[in-house]
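Asks: Please find upload08.pdb (PDB, C-alpha atoms and all ligand atoms) on the next line:
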MODEL        1
ATOM      1  CA  MET A   1       0.000   0.000   0.000  1.00  0.00           C
ATOM      2  CA  ALA A   2       1.341   3.425  -0.942  1.00  0.00           C
ATOM      3  CA  ARG A   3       2.185   5.750   1.919  1.00  0.00           C
ATOM      4  CA  ARG A   4       2.019   9.483   1.854  1.00  0.00           C
ATOM      5  CA  VAL A   5       2.971  12.319   4.154  1.00  0.00           C
ATOM      6  CA  GLY A   6      -0.111  13.135   6.193  1.00  0.00           C
ATOM      7  CA  GLU A   7      -1.219  15.650   8.762  1.00  0.00           C
ATOM      8  CA  VAL A   8       0.939  17.653  11.140  1.00  0.00           C
ATOM      9  CA  LEU A   9       1.265  15.861  14.479  1.00  0.00           C
ATOM     10  CA  VAL A  10       3.671  18.309  16.110  1.00  0.00           C
ATOM     11  CA  SER A  11       3.950  21.840  14.750  1.00  0.00           C
ATOM     12  CA  ARG A  12       7.242  23.728  14.448  1.00  0.00           C
ATOM     13  CA  GLU A  13       6.050  26.130  17.168  1.00  0.00           C
ATOM     14  CA  THR A  14       5.385  23.265  19.582  1.00  0.00           C
ATOM     15  CA  ILE A  15       8.765  21.727  18.730  1.00  0.00           C
ATOM     16  CA  ALA A  16      10.501  25.055  19.434  1.00  0.00           C
ATOM     17  CA  ARG A  17       8.867  25.258  22.886  1.00  0.00           C
ATOM     18  CA  MET A  18       9.753  21.629  23.589  1.00  0.00           C
ATOM     19  CA  VAL A  19      13.442  22.212  22.765  1.00  0.00           C
ATOM     20  CA  GLU A  20      13.504  25.295  24.978  1.00  0.00           C
ATOM     21  CA  THR A  21      12.020  23.364  27.908  1.00  0.00           C
ATOM     22  CA  VAL A  22      14.413  20.408  27.562  1.00  0.00           C
ATOM     23  CA  GLY A  23      17.372  22.762  27.140  1.00  0.00           C
ATOM     24  CA  ALA A  24      16.464  24.611  30.327  1.00  0.00           C
ATOM     25  CA  ARG A  25      16.189  21.343  32.275  1.00  0.00           C
ATOM     26  CA  ILE A  26      19.580  20.120  31.062  1.00  0.00           C
ATOM     27  CA  SER A  27      21.211  23.504  31.752  1.00  0.00           C
ATOM     28  CA  ARG A  28      19.861  23.410  35.314  1.00  0.00           C
ATOM     29  CA  ASP A  29      20.870  19.777  35.930  1.00  0.00           C
ATOM     30  CA  TYR A  30      24.412  20.208  34.575  1.00  0.00           C
ATOM     31  CA  GLN A  31      25.300  23.577  36.140  1.00  0.00           C
ATOM     32  CA  GLY A  32      29.062  23.806  36.686  1.00  0.00           C
ATOM     33  CA  ARG A  33      29.831  20.863  34.408  1.00  0.00           C
ATOM     34  CA  GLU A  34      30.788  20.509  30.753  1.00  0.00           C
ATOM     35  CA  VAL A  35      28.624  18.179  28.692  1.00  0.00           C
ATOM     36  CA  LEU A  36      29.486  16.120  25.648  1.00  0.00           C
ATOM     37  CA  LEU A  37      26.478  15.789  23.375  1.00  0.00           C
ATOM     38  CA  VAL A  38      26.656  12.562  21.364  1.00  0.00           C
ATOM     39  CA  CYS A  39      24.436  12.912  18.324  1.00  0.00           C
ATOM     40  CA  VAL A  40      23.123   9.683  16.862  1.00  0.00           C
ATOM     41  CA  LEU A  41      23.150  10.220  13.101  1.00  0.00           C
ATOM     42  CA  LYS A  42      21.327  10.918  11.015  1.00  0.00           C
ATOM     43  CA  GLY A  43      17.943  11.553  12.551  1.00  0.00           C
ATOM     44  CA  ALA A  44      19.092  13.530  15.597  1.00  0.00           C
ATOM     45  CA  CYS A  45      21.080  16.171  13.681  1.00  0.00           C
ATOM     46  CA  VAL A  46      18.230  18.704  13.545  1.00  0.00           C
ATOM     47  CA  PHE A  47      17.381  18.253  17.230  1.00  0.00           C
ATOM     48  CA  LEU A  48      21.059  18.489  18.210  1.00  0.00           C
ATOM     49  CA  SER A  49      21.575  21.779  16.424  1.00  0.00           C
ATOM     50  CA  ASP A  50      18.512  23.312  18.083  1.00  0.00           C
ATOM     51  CA  LEU A  51      19.181  21.833  21.522  1.00  0.00           C
ATOM     52  CA  MET A  52      22.820  22.887  21.787  1.00  0.00           C
ATOM     53  CA  ARG A  53      21.819  26.536  21.303  1.00  0.00           C
ATOM     54  CA  HIS A  54      19.527  26.288  24.324  1.00  0.00           C
ATOM     55  CA  LEU A  55      22.225  25.073  26.702  1.00  0.00           C
ATOM     56  CA  ASP A  56      24.039  27.550  28.885  1.00  0.00           C
ATOM     57  CA  VAL A  57      26.645  25.128  30.185  1.00  0.00           C
ATOM     58  CA  PRO A  58      29.911  24.420  28.308  1.00  0.00           C
ATOM     59  CA  VAL A  59      29.157  22.032  25.443  1.00  0.00           C
ATOM     60  CA  LYS A  60      31.150  19.821  23.121  1.00  0.00           C
ATOM     61  CA  ILE A  61      29.612  17.667  20.415  1.00  0.00           C
ATOM     62  CA  ASP A  62      30.477  14.420  18.695  1.00  0.00           C
ATOM     63  CA  PHE A  63      28.719  12.138  16.234  1.00  0.00           C
ATOM     64  CA  MET A  64      28.007   8.475  15.984  1.00  0.00           C
ATOM     65  CA  SER A  65      26.286   6.486  13.286  1.00  0.00           C
ATOM     66  CA  VAL A  66      24.678   3.126  13.914  1.00  0.00           C
ATOM     67  CA  SER A  67      22.573   0.695  11.957  1.00  0.00           C
ATOM     68  CA  SER A  68      20.142  -1.661  13.563  1.00  0.00           C
ATOM     69  CA  TYR A  69      19.973  -5.171  12.239  1.00  0.00           C
ATOM     70  CA  GLY A  70      16.612  -6.819  12.122  1.00  0.00           C
ATOM     71  CA  ALA A  71      14.342  -9.130  10.213  1.00  0.00           C
ATOM     72  CA  GLY A  72      11.972  -6.951   8.216  1.00  0.00           C
ATOM     73  CA  THR A  73      11.381  -3.433   9.487  1.00  0.00           C
ATOM     74  CA  GLU A  74      11.839  -4.152  13.201  1.00  0.00           C
ATOM     75  CA  THR A  75      15.120  -3.682  15.019  1.00  0.00           C
ATOM     76  CA  THR A  76      16.401  -6.679  16.975  1.00  0.00           C
ATOM     77  CA  GLY A  77      18.817  -4.884  19.250  1.00  0.00           C
ATOM     78  CA  THR A  78      21.844  -5.998  17.289  1.00  0.00           C
ATOM     79  CA  VAL A  79      23.464  -2.717  16.467  1.00  0.00           C
ATOM     80  CA  ARG A  80      26.430  -2.136  14.195  1.00  0.00           C
ATOM     81  CA  ILE A  81      28.566   0.947  14.648  1.00  0.00           C
ATOM     82  CA  LEU A  82      29.062   2.573  11.241  1.00  0.00           C
ATOM     83  CA  ARG A  83      30.885   5.617  12.568  1.00  0.00           C
ATOM     84  CA  ASP A  84      32.390   5.765  16.033  1.00  0.00           C
ATOM     85  CA  LEU A  85      33.096   8.851  18.142  1.00  0.00           C
ATOM     86  CA  ASP A  86      36.269  10.909  17.689  1.00  0.00           C
ATOM     87  CA  THR A  87      36.268  11.662  21.406  1.00  0.00           C
ATOM     88  CA  ASP A  88      37.477   9.585  24.339  1.00  0.00           C
ATOM     89  CA  ILE A  89      34.459   9.865  26.647  1.00  0.00           C
ATOM     90  CA  ALA A  90      36.229   8.651  29.818  1.00  0.00           C
ATOM     91  CA  GLY A  91      35.498  11.059  32.666  1.00  0.00           C
ATOM     92  CA  LYS A  92      33.055  13.123  30.571  1.00  0.00           C
ATOM     93  CA  HIS A  93      29.413  13.928  31.196  1.00  0.00           C
ATOM     94  CA  VAL A  94      27.798  12.351  28.157  1.00  0.00           C
ATOM     95  CA  ILE A  95      24.300  13.042  26.881  1.00  0.00           C
ATOM     96  CA  VAL A  96      23.221  10.831  23.992  1.00  0.00           C
ATOM     97  CA  VAL A  97      20.946  12.856  21.707  1.00  0.00           C
ATOM     98  CA  GLU A  98      18.391  10.756  19.825  1.00  0.00           C
ATOM     99  CA  ASP A  99      15.556  11.641  17.490  1.00  0.00           C
ATOM    100  CA  ILE A 100      13.029   9.111  18.750  1.00  0.00           C
ATOM    101  CA  VAL A 101      12.799   6.111  21.064  1.00  0.00           C
ATOM    102  CA  ASP A 102      10.672   3.337  19.635  1.00  0.00           C
ATOM    103  CA  THR A 103      11.351  -0.230  20.830  1.00  0.00           C
ATOM    104  CA  GLY A 104      14.272   1.060  22.910  1.00  0.00           C
ATOM    105  CA  LEU A 105      16.627  -1.603  21.543  1.00  0.00           C
ATOM    106  CA  THR A 106      19.051   0.798  19.835  1.00  0.00           C
ATOM    107  CA  LEU A 107      19.331   3.067  22.859  1.00  0.00           C
ATOM    108  CA  ARG A 108      19.751   0.251  25.329  1.00  0.00           C
ATOM    109  CA  TYR A 109      22.647  -1.094  23.281  1.00  0.00           C
ATOM    110  CA  LEU A 110      24.218   2.353  22.879  1.00  0.00           C
ATOM    111  CA  LYS A 111      23.901   3.213  26.545  1.00  0.00           C
ATOM    112  CA  GLU A 112      25.455  -0.085  27.643  1.00  0.00           C
ATOM    113  CA  MET A 113      28.247   0.129  25.084  1.00  0.00           C
ATOM    114  CA  LEU A 114      29.145   3.738  25.942  1.00  0.00           C
ATOM    115  CA  SER A 115      29.035   2.955  29.677  1.00  0.00           C
ATOM    116  CA  THR A 116      31.924   0.515  29.219  1.00  0.00           C
ATOM    117  CA  ARG A 117      34.077   3.510  28.177  1.00  0.00           C
ATOM    118  CA  HIS A 118      33.858   4.949  31.693  1.00  0.00           C
ATOM    119  CA  PRO A 119      32.112   8.297  31.248  1.00  0.00           C
ATOM    120  CA  ALA A 120      31.632  10.343  34.436  1.00  0.00           C
ATOM    121  CA  SER A 121      27.896  10.097  33.717  1.00  0.00           C
ATOM    122  CA  ILE A 122      25.635   9.121  30.876  1.00  0.00           C
ATOM    123  CA  ALA A 123      22.112  10.250  30.098  1.00  0.00           C
ATOM    124  CA  VAL A 124      19.819  10.165  27.090  1.00  0.00           C
ATOM    125  CA  CYS A 125      17.859  13.025  25.571  1.00  0.00           C
ATOM    126  CA  ALA A 126      15.280  12.104  22.924  1.00  0.00           C
ATOM    127  CA  ALA A 127      13.123  14.570  21.030  1.00  0.00           C
ATOM    128  CA  PHE A 128      10.240  12.103  20.771  1.00  0.00           C
ATOM    129  CA  ASP A 129       9.180   8.948  22.551  1.00  0.00           C
ATOM    130  CA  LYS A 130       6.683   6.269  21.572  1.00  0.00           C
ATOM    131  CA  PRO A 131       6.218   4.477  24.907  1.00  0.00           C
ATOM    132  CA  ALA A 132       3.492   2.195  23.510  1.00  0.00           C
ATOM    133  CA  ARG A 133       6.107   0.541  21.259  1.00  0.00           C
ATOM    134  CA  ARG A 134       8.721  -0.170  23.947  1.00  0.00           C
ATOM    135  CA  LYS A 135      10.143  -3.707  23.984  1.00  0.00           C
ATOM    136  CA  VAL A 136      12.970  -3.261  26.468  1.00  0.00           C
ATOM    137  CA  ALA A 137      13.222  -1.016  29.485  1.00  0.00           C
ATOM    138  CA  VAL A 138      15.666   1.806  28.978  1.00  0.00           C
ATOM    139  CA  GLU A 139      15.837   4.954  31.042  1.00  0.00           C
ATOM    140  CA  VAL A 140      15.443   8.097  28.947  1.00  0.00           C
ATOM    141  CA  GLU A 141      16.328  10.965  31.258  1.00  0.00           C
ATOM    142  CA  TYR A 142      15.073  13.760  28.974  1.00  0.00           C
ATOM    143  CA  VAL A 143      12.079  13.286  26.692  1.00  0.00           C
ATOM    144  CA  GLY A 144      10.890  16.209  24.614  1.00  0.00           C
ATOM    145  CA  MET A 145       7.478  14.835  23.896  1.00  0.00           C
ATOM    146  CA  GLU A 146       5.580  11.568  24.037  1.00  0.00           C
ATOM    147  CA  ILE A 147       3.699  10.683  20.888  1.00  0.00           C
ATOM    148  CA  PRO A 148       1.183   7.958  19.995  1.00  0.00           C
ATOM    149  CA  ASP A 149       2.093   4.885  17.937  1.00  0.00           C
ATOM    150  CA  ALA A 150       2.422   6.449  14.504  1.00  0.00           C
ATOM    151  CA  PHE A 151       5.253   6.527  12.005  1.00  0.00           C
ATOM    152  CA  ILE A 152       6.391  10.117  11.867  1.00  0.00           C
ATOM    153  CA  VAL A 153       8.660  12.088   9.560  1.00  0.00           C
ATOM    154  CA  GLY A 154      10.131  15.582   9.594  1.00  0.00           C
ATOM    155  CA  TYR A 155      12.406  17.445  12.009  1.00  0.00           C
ATOM    156  CA  GLY A 156      15.224  15.028  11.123  1.00  0.00           C
ATOM    157  CA  LEU A 157      13.083  11.876  11.004  1.00  0.00           C
ATOM    158  CA  ASP A 158      12.915  10.017   7.717  1.00  0.00           C
ATOM    159  CA  LEU A 159      11.252   7.329   5.706  1.00  0.00           C
ATOM    160  CA  ASP A 160      13.848   5.758   3.395  1.00  0.00           C
ATOM    161  CA  GLY A 161      16.029   8.841   3.786  1.00  0.00           C
ATOM    162  CA  ARG A 162      13.337  11.347   2.802  1.00  0.00           C
ATOM    163  CA  TYR A 163      11.412  14.102   4.602  1.00  0.00           C
ATOM    164  CA  ARG A 164      14.087  14.934   7.190  1.00  0.00           C
ATOM    165  CA  ASN A 165      13.886  18.563   6.061  1.00  0.00           C
ATOM    166  CA  LEU A 166      10.206  19.071   6.919  1.00  0.00           C
ATOM    167  CA  PRO A 167       9.978  21.676   9.698  1.00  0.00           C
ATOM    168  CA  ASP A 168       6.870  20.117  11.310  1.00  0.00           C
ATOM    169  CA  VAL A 169       6.504  16.514  12.393  1.00  0.00           C
ATOM    170  CA  ARG A 170       3.977  14.731  10.209  1.00  0.00           C
ATOM    171  CA  VAL A 171       2.359  11.305  10.264  1.00  0.00           C
ATOM    172  CA  MET A 172       2.846   8.862   7.389  1.00  0.00           C
ATOM    173  CA  THR A 173      -0.526   7.621   6.262  1.00  0.00           C
ATOM    174  CA  ASP A 174      -1.586   4.718   4.066  1.00  0.00           C
ATOM    175  CA  ASP A 175      -3.791   5.571   1.133  1.00  0.00           C
ATOM    176  CA  ASP A 176      -6.630   3.998   3.095  1.00  0.00           C
ATOM    177  CA  GLY A 177      -6.095   6.687   5.733  1.00  0.00           C
ATOM    178  CA  GLN A 178      -4.518   4.370   8.346  1.00  0.00           C
ATOM    179  CA  GLY A 179      -1.397   5.410  10.215  1.00  0.00           C
ATOM    180  CA  GLY A 180       0.780   3.277  12.504  1.00  0.00           C
ATOM    181  CA  THR A 181       4.363   2.067  12.430  1.00  0.00           C
ATOM    182  CA  PRO A 182       4.984  -0.168   9.362  1.00  0.00           C
TER     183      PRO A 182
HETATM  184  P1  LIG A 201      14.408   1.565  18.367  1.00  0.00           P
HETATM  185  O1  LIG A 201      15.684   0.797  18.507  1.00  0.00           O
HETATM  186  O2  LIG A 201      13.287   0.661  17.933  1.00  0.00           O
HETATM  187  O3  LIG A 201      14.040   2.393  19.560  1.00  0.00           O
HETATM  188  O4  LIG A 201      14.621   2.474  17.086  1.00  0.00           O
HETATM  189  C1  LIG A 201      14.931   3.803  17.150  1.00  0.00           C
HETATM  190  C2  LIG A 201      15.233   4.300  15.749  1.00  0.00           C
HETATM  191  O5  LIG A 201      14.240   3.871  14.794  1.00  0.00           O
HETATM  192  C3  LIG A 201      15.177   5.811  15.737  1.00  0.00           C
HETATM  193  O6  LIG A 201      16.424   6.384  16.056  1.00  0.00           O
HETATM  194  C4  LIG A 201      14.737   6.104  14.315  1.00  0.00           C
HETATM  195  O7  LIG A 201      15.855   6.161  13.454  1.00  0.00           O
HETATM  196  C5  LIG A 201      13.874   4.924  13.929  1.00  0.00           C
HETATM  197  N1  LIG A 201      12.439   5.232  14.123  1.00  0.00           N
HETATM  198  C6  LIG A 201      11.604   4.726  15.061  1.00  0.00           C
HETATM  199  N2  LIG A 201      10.361   5.232  14.943  1.00  0.00           N
HETATM  200  C7  LIG A 201      10.413   6.104  13.905  1.00  0.00           C
HETATM  201  C8  LIG A 201       9.435   6.967  13.281  1.00  0.00           C
HETATM  202  O8  LIG A 201       8.252   7.062  13.667  1.00  0.00           O
HETATM  203  N3  LIG A 201       9.881   7.708  12.235  1.00  0.00           N
HETATM  204  C9  LIG A 201      11.165   7.665  11.771  1.00  0.00           C
HETATM  205  N4  LIG A 201      12.104   6.878  12.319  1.00  0.00           N
HETATM  206  C10 LIG A 201      11.731   6.101  13.373  1.00  0.00           C
ENDMDL
END
Once you've parsed the file, please lay out its structure as C-alpha cells.
Replies:
Amino acid sequence: MARRVGEVLVSRETIARMVETVGARISRDYQGREVLLVCVLKGACVFLSDLMRHLDVPVKIDFMSVSSYGAGTETTGTVRILRDLDTDIAGKHVIVVEDIVDTGLTLRYLKEMLSTRHPASIAVCAAFDKPARRKVAVEVEYVGMEIPDAFIVGYGLDLDGRYRNLPDVRVMTDDDGQGGTP
C-alpha cells in the first residue's frame, strides 16, 4: 500500500517550545559541568543543532552512526557501529541525543556500550518517545514529547532517507487513511 505524508502531528512552534524546555532542564541539571552531546546520526542532527543553542553550560559535540539489524522493518537490538566517536568519553558527562525512542533496543545497546568507556555520567535526551512501542526497558532521562504509535517524519526523522527537512513533524498515512508504524 502506498504511503504518503499526512497531517501535522507536532507543529514547528510546539517543537521550538519543547526544545527550549528540555534545554532549560539540562542547563539546570548540569550547572558547573561541561557536557558532551553525542548525536546519533542521522535523525538527531536537527534536534542536536537546536538543543545545543539552548544550553548555557559548556558544550562539546560528537557524532556516531549506527545501523540496527533486524528481520523486516523491526530492530532486533543488534546494532552495528558505522561511525564511532572521535572523542574519548572517559570522565566526561555524556548526553546521547536521539531523534526518537521506539522499541528502545538501539538506545539500550548504545547506553550499555558507551558505559563501558567509563564516562563520568551518561544520560539520554530524545526529542520524541513512543512508549506504547517499547520492547525493552531503557531509562530516557530527557524526553521532549511523548507521541502515539504512529510513524512520523520531519524534524530530522525520515522514511527511506526522505522528509528529514520538513519543519513540522507529520504522520505517514496509508492511502486507506490508516497510520501506525509499518
Ligand atoms: P528503536 O531501537 O526501535 O528504539 O529504534 C529507534 C530508531 O528507529 C530511531 O532512532 C529512528 O531512526 C527509527 N524510528 C523509530 N520510529 C520512527 C518513526 O516514527 N519515524 C522515523 N524513524 C523512526
Asks: Select, from A:Asp102, A:Glu139, A:Asp29, A:Asp50, the residue with the minimum atom-to-atom distance to A:Arg12, counting only C-alpha atoms.
Replies: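 Result for the nearest residue to A:Arg12: A:Asp50.
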Asks: Please, which residues have at least one atom within 6 Å of an atom of ligand LIG 201 (chain A), using all atoms listed in the file, listed as a PyMOL selection string?
Replies: chain A and resi 43+75+99-106+150-153+157-158
Asks: So which one's closest to A:Gly156, A:Glu141, A:Glu112, A:Glu34, A:Asp168? Using all atoms listed in the file, please.
Replies: A:Asp168
Asks: Convert the output of the PyMOL selection byres (((chain A and resi 154) around 12) and not hetatm) on the shown file into explicit residues, formatted as JSON, numbers by chain.
Replies: {"A": [5, 6, 7, 8, 9, 10, 11, 12, 15, 43, 44, 45, 46, 47, 99, 100, 127, 128, 151, 152, 153, 155, 156, 157, 158, 159, 161, 162, 163, 164, 165, 166, 167, 168, 169, 170, 171, 172]}
Asks: Could you check which of A:Ala16, A:Ala2, A:Val79, A:Val59 is closest to A:Val38, using all atoms listed in the file?
Replies: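 Using all atoms listed in the file, the shortest distance to A:Val38 belongs to A:Val59.
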Asks: With all atoms listed in the file as the atoms that count, which of A:Lys135, A:Gly32, A:Ser27, A:Arg4 lies nearest to A:Met52?
Replies: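 Closest candidate: A:Ser27.
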Asks: Take every atom of stretch 122-139 of chain A listed in the file, fit an axis-aligned box around them, add 5 Å per side, and give the centre and edge lengths in Å to one decimal as AutoDock Vina command-line options.
Replies:
--center_x 14.6 --center_y 5.4 --center_z 25.9 --size_x 32.1 --size_y 28.3 --size_z 20.3
Asks: Taking into account all atoms listed in the file, which residue in the set A:His54, A:Lys92, A:Arg134, A:Arg83 is nearest to A:Pro119?
Replies: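 Counting all atoms listed in the file, the residue closest to A:Pro119 is A:Lys92.
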Asks: Exactly which residues make up the result of the PyMOL selection byres (((chain A and resi 121) around 8) and not hetatm) on this file, given as a list in words?
Replies: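 Applying the PyMOL selection byres (((chain A and resi 121) around 8) and not hetatm) to the structure shown produces Gly91, Lys92, His93, Val94, Pro119, Ala120, Ile122 and Ala123 of chain A.
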Asks: Can you write out the residues you just picked, keeping C-alpha atoms, as a PDB file, in the coordinates of the input?
Replies:
ATOM      1  CA  GLY A  91      35.498  11.059  32.666  1.00  0.00           C
ATOM      2  CA  LYS A  92      33.055  13.123  30.571  1.00  0.00           C
ATOM      3  CA  HIS A  93      29.413  13.928  31.196  1.00  0.00           C
ATOM      4  CA  VAL A  94      27.798  12.351  28.157  1.00  0.00           C
ATOM      5  CA  PRO A 119      32.112   8.297  31.248  1.00  0.00           C
ATOM      6  CA  ALA A 120      31.632  10.343  34.436  1.00  0.00           C
ATOM      7  CA  ILE A 122      25.635   9.121  30.876  1.00  0.00           C
ATOM      8  CA  ALA A 123      22.112  10.250  30.098  1.00  0.00           C
TER       9      ALA A 123
END
Asks: Report the residues retrieved by the PyMOL selection byres (((chain A and resi 113) around 12) and not hetatm) from the displayed file, expressed as a PyMOL selection string.
Replies: chain A and resi 78-81+84+89+96+106-112+114-119+122
Asks: For A:Met18, which residue out of A:Met64, A:Leu48, A:Val143, A:Val97 is the nearest one, using all atoms listed in the file?
Replies: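 Nearest to A:Met18: A:Val143.
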Asks: Grab the atom CA of A:Ala24 to atom CA of A:Leu51 distance for me, in Å with one decimal place.
Replies: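 These atoms are spaced 9.6 Å apart.
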Asks: What does the distance between atom CA of A:Leu82 and atom CA of A:Val136 come to in Å, to one decimal place?
Replies: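 Computing the Euclidean distance for atom CA of A:Leu82 and atom CA of A:Val136 yields 22.9 Å.
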Asks: By how many Å are atom CA of A:Val124 and atom CA of A:Tyr142 apart?
Replies: 6.2 Å
Asks: Missing atoms in stretch 120-147 of chain A: can you complete it with N, CA and C atoms, as a PDB file, in the coordinates of the input?
Replies:
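What ended up in part-v1.pdb:
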ATOM      1  N   ALA A 120      31.970   9.933  33.061  1.00  0.00           N
ATOM      2  CA  ALA A 120      31.632  10.343  34.436  1.00  0.00           C
ATOM      3  C   ALA A 120      30.142  10.127  34.674  1.00  0.00           C
ATOM      4  N   SER A 121      29.329  10.360  33.643  1.00  0.00           N
ATOM      5  CA  SER A 121      27.896  10.097  33.717  1.00  0.00           C
ATOM      6  C   SER A 121      27.375   9.931  32.299  1.00  0.00           C
ATOM      7  N   ILE A 122      26.241   9.273  32.200  1.00  0.00           N
ATOM      8  CA  ILE A 122      25.635   9.121  30.876  1.00  0.00           C
ATOM      9  C   ILE A 122      24.124   9.260  30.994  1.00  0.00           C
ATOM     10  N   ALA A 123      23.559  10.054  30.116  1.00  0.00           N
ATOM     11  CA  ALA A 123      22.112  10.250  30.098  1.00  0.00           C
ATOM     12  C   ALA A 123      21.672  10.269  28.642  1.00  0.00           C
ATOM     13  N   VAL A 124      20.370  10.151  28.443  1.00  0.00           N
ATOM     14  CA  VAL A 124      19.819  10.165  27.090  1.00  0.00           C
ATOM     15  C   VAL A 124      18.803  11.284  26.973  1.00  0.00           C
ATOM     16  N   CYS A 125      18.850  11.984  25.862  1.00  0.00           N
ATOM     17  CA  CYS A 125      17.859  13.025  25.571  1.00  0.00           C
ATOM     18  C   CYS A 125      17.256  12.718  24.207  1.00  0.00           C
ATOM     19  N   ALA A 126      15.962  12.431  24.189  1.00  0.00           N
ATOM     20  CA  ALA A 126      15.280  12.104  22.924  1.00  0.00           C
ATOM     21  C   ALA A 126      14.216  13.153  22.643  1.00  0.00           C
ATOM     22  N   ALA A 127      14.137  13.579  21.398  1.00  0.00           N
ATOM     23  CA  ALA A 127      13.123  14.570  21.030  1.00  0.00           C
ATOM     24  C   ALA A 127      11.729  13.974  21.199  1.00  0.00           C
ATOM     25  N   PHE A 128      11.563  12.728  20.731  1.00  0.00           N
ATOM     26  CA  PHE A 128      10.240  12.103  20.771  1.00  0.00           C
ATOM     27  C   PHE A 128      10.337  10.700  21.354  1.00  0.00           C
ATOM     28  N   ASP A 129       9.229  10.273  21.929  1.00  0.00           N
ATOM     29  CA  ASP A 129       9.180   8.948  22.551  1.00  0.00           C
ATOM     30  C   ASP A 129       7.838   8.312  22.225  1.00  0.00           C
ATOM     31  N   LYS A 130       7.912   7.035  21.811  1.00  0.00           N
ATOM     32  CA  LYS A 130       6.683   6.269  21.572  1.00  0.00           C
ATOM     33  C   LYS A 130       6.598   5.164  22.618  1.00  0.00           C
ATOM     34  N   PRO A 131       6.173   5.472  23.836  1.00  0.00           N
ATOM     35  CA  PRO A 131       6.218   4.477  24.907  1.00  0.00           C
ATOM     36  C   PRO A 131       5.391   3.224  24.619  1.00  0.00           C
ATOM     37  N   ALA A 132       4.354   3.350  23.812  1.00  0.00           N
ATOM     38  CA  ALA A 132       3.492   2.195  23.510  1.00  0.00           C
ATOM     39  C   ALA A 132       4.245   1.117  22.737  1.00  0.00           C
ATOM     40  N   ARG A 133       5.366   1.481  22.109  1.00  0.00           N
ATOM     41  CA  ARG A 133       6.107   0.541  21.259  1.00  0.00           C
ATOM     42  C   ARG A 133       7.294  -0.097  21.986  1.00  0.00           C
ATOM     43  N   ARG A 134       7.509   0.266  23.246  1.00  0.00           N
ATOM     44  CA  ARG A 134       8.721  -0.170  23.947  1.00  0.00           C
ATOM     45  C   ARG A 134       8.770  -1.690  24.111  1.00  0.00           C
ATOM     46  N   LYS A 135       9.946  -2.264  23.796  1.00  0.00           N
ATOM     47  CA  LYS A 135      10.143  -3.707  23.984  1.00  0.00           C
ATOM     48  C   LYS A 135      11.090  -3.986  25.127  1.00  0.00           C
ATOM     49  N   VAL A 136      12.036  -3.072  25.358  1.00  0.00           N
ATOM     50  CA  VAL A 136      12.970  -3.261  26.468  1.00  0.00           C
ATOM     51  C   VAL A 136      12.988  -1.983  27.301  1.00  0.00           C
ATOM     52  N   ALA A 137      13.184  -2.179  28.593  1.00  0.00           N
ATOM     53  CA  ALA A 137      13.222  -1.016  29.485  1.00  0.00           C
ATOM     54  C   ALA A 137      14.543  -0.289  29.283  1.00  0.00           C
ATOM     55  N   VAL A 138      14.457   0.986  29.045  1.00  0.00           N
ATOM     56  CA  VAL A 138      15.666   1.806  28.978  1.00  0.00           C
ATOM     57  C   VAL A 138      15.297   3.175  29.536  1.00  0.00           C
ATOM     58  N   GLU A 139      16.158   3.666  30.433  1.00  0.00           N
ATOM     59  CA  GLU A 139      15.837   4.954  31.042  1.00  0.00           C
ATOM     60  C   GLU A 139      16.186   6.080  30.073  1.00  0.00           C
ATOM     61  N   VAL A 140      15.211   6.927  29.795  1.00  0.00           N
ATOM     62  CA  VAL A 140      15.443   8.097  28.947  1.00  0.00           C
ATOM     63  C   VAL A 140      15.249   9.308  29.862  1.00  0.00           C
ATOM     64  N   GLU A 141      16.363   9.920  30.228  1.00  0.00           N
ATOM     65  CA  GLU A 141      16.328  10.965  31.258  1.00  0.00           C
ATOM     66  C   GLU A 141      15.594  12.212  30.788  1.00  0.00           C
ATOM     67  N   TYR A 142      15.730  12.552  29.510  1.00  0.00           N
ATOM     68  CA  TYR A 142      15.073  13.760  28.974  1.00  0.00           C
ATOM     69  C   TYR A 142      14.269  13.392  27.734  1.00  0.00           C
ATOM     70  N   VAL A 143      12.962  13.552  27.833  1.00  0.00           N
ATOM     71  CA  VAL A 143      12.079  13.286  26.692  1.00  0.00           C
ATOM     72  C   VAL A 143      11.397  14.598  26.314  1.00  0.00           C
ATOM     73  N   GLY A 144      11.545  14.985  25.061  1.00  0.00           N
ATOM     74  CA  GLY A 144      10.890  16.209  24.614  1.00  0.00           C
ATOM     75  C   GLY A 144       9.388  16.068  24.656  1.00  0.00           C
ATOM     76  N   MET A 145       8.906  14.989  24.047  1.00  0.00           N
ATOM     77  CA  MET A 145       7.478  14.835  23.896  1.00  0.00           C
ATOM     78  C   MET A 145       7.110  13.372  23.648  1.00  0.00           C
ATOM     79  N   GLU A 146       6.087  12.911  24.330  1.00  0.00           N
ATOM     80  CA  GLU A 146       5.580  11.568  24.037  1.00  0.00           C
ATOM     81  C   GLU A 146       4.579  11.673  22.899  1.00  0.00           C
ATOM     82  N   ILE A 147       4.640  10.683  22.007  1.00  0.00           N
ATOM     83  CA  ILE A 147       3.699  10.683  20.888  1.00  0.00           C
ATOM     84  C   ILE A 147       3.034   9.317  20.792  1.00  0.00           C
TER      85      ILE A 147
END
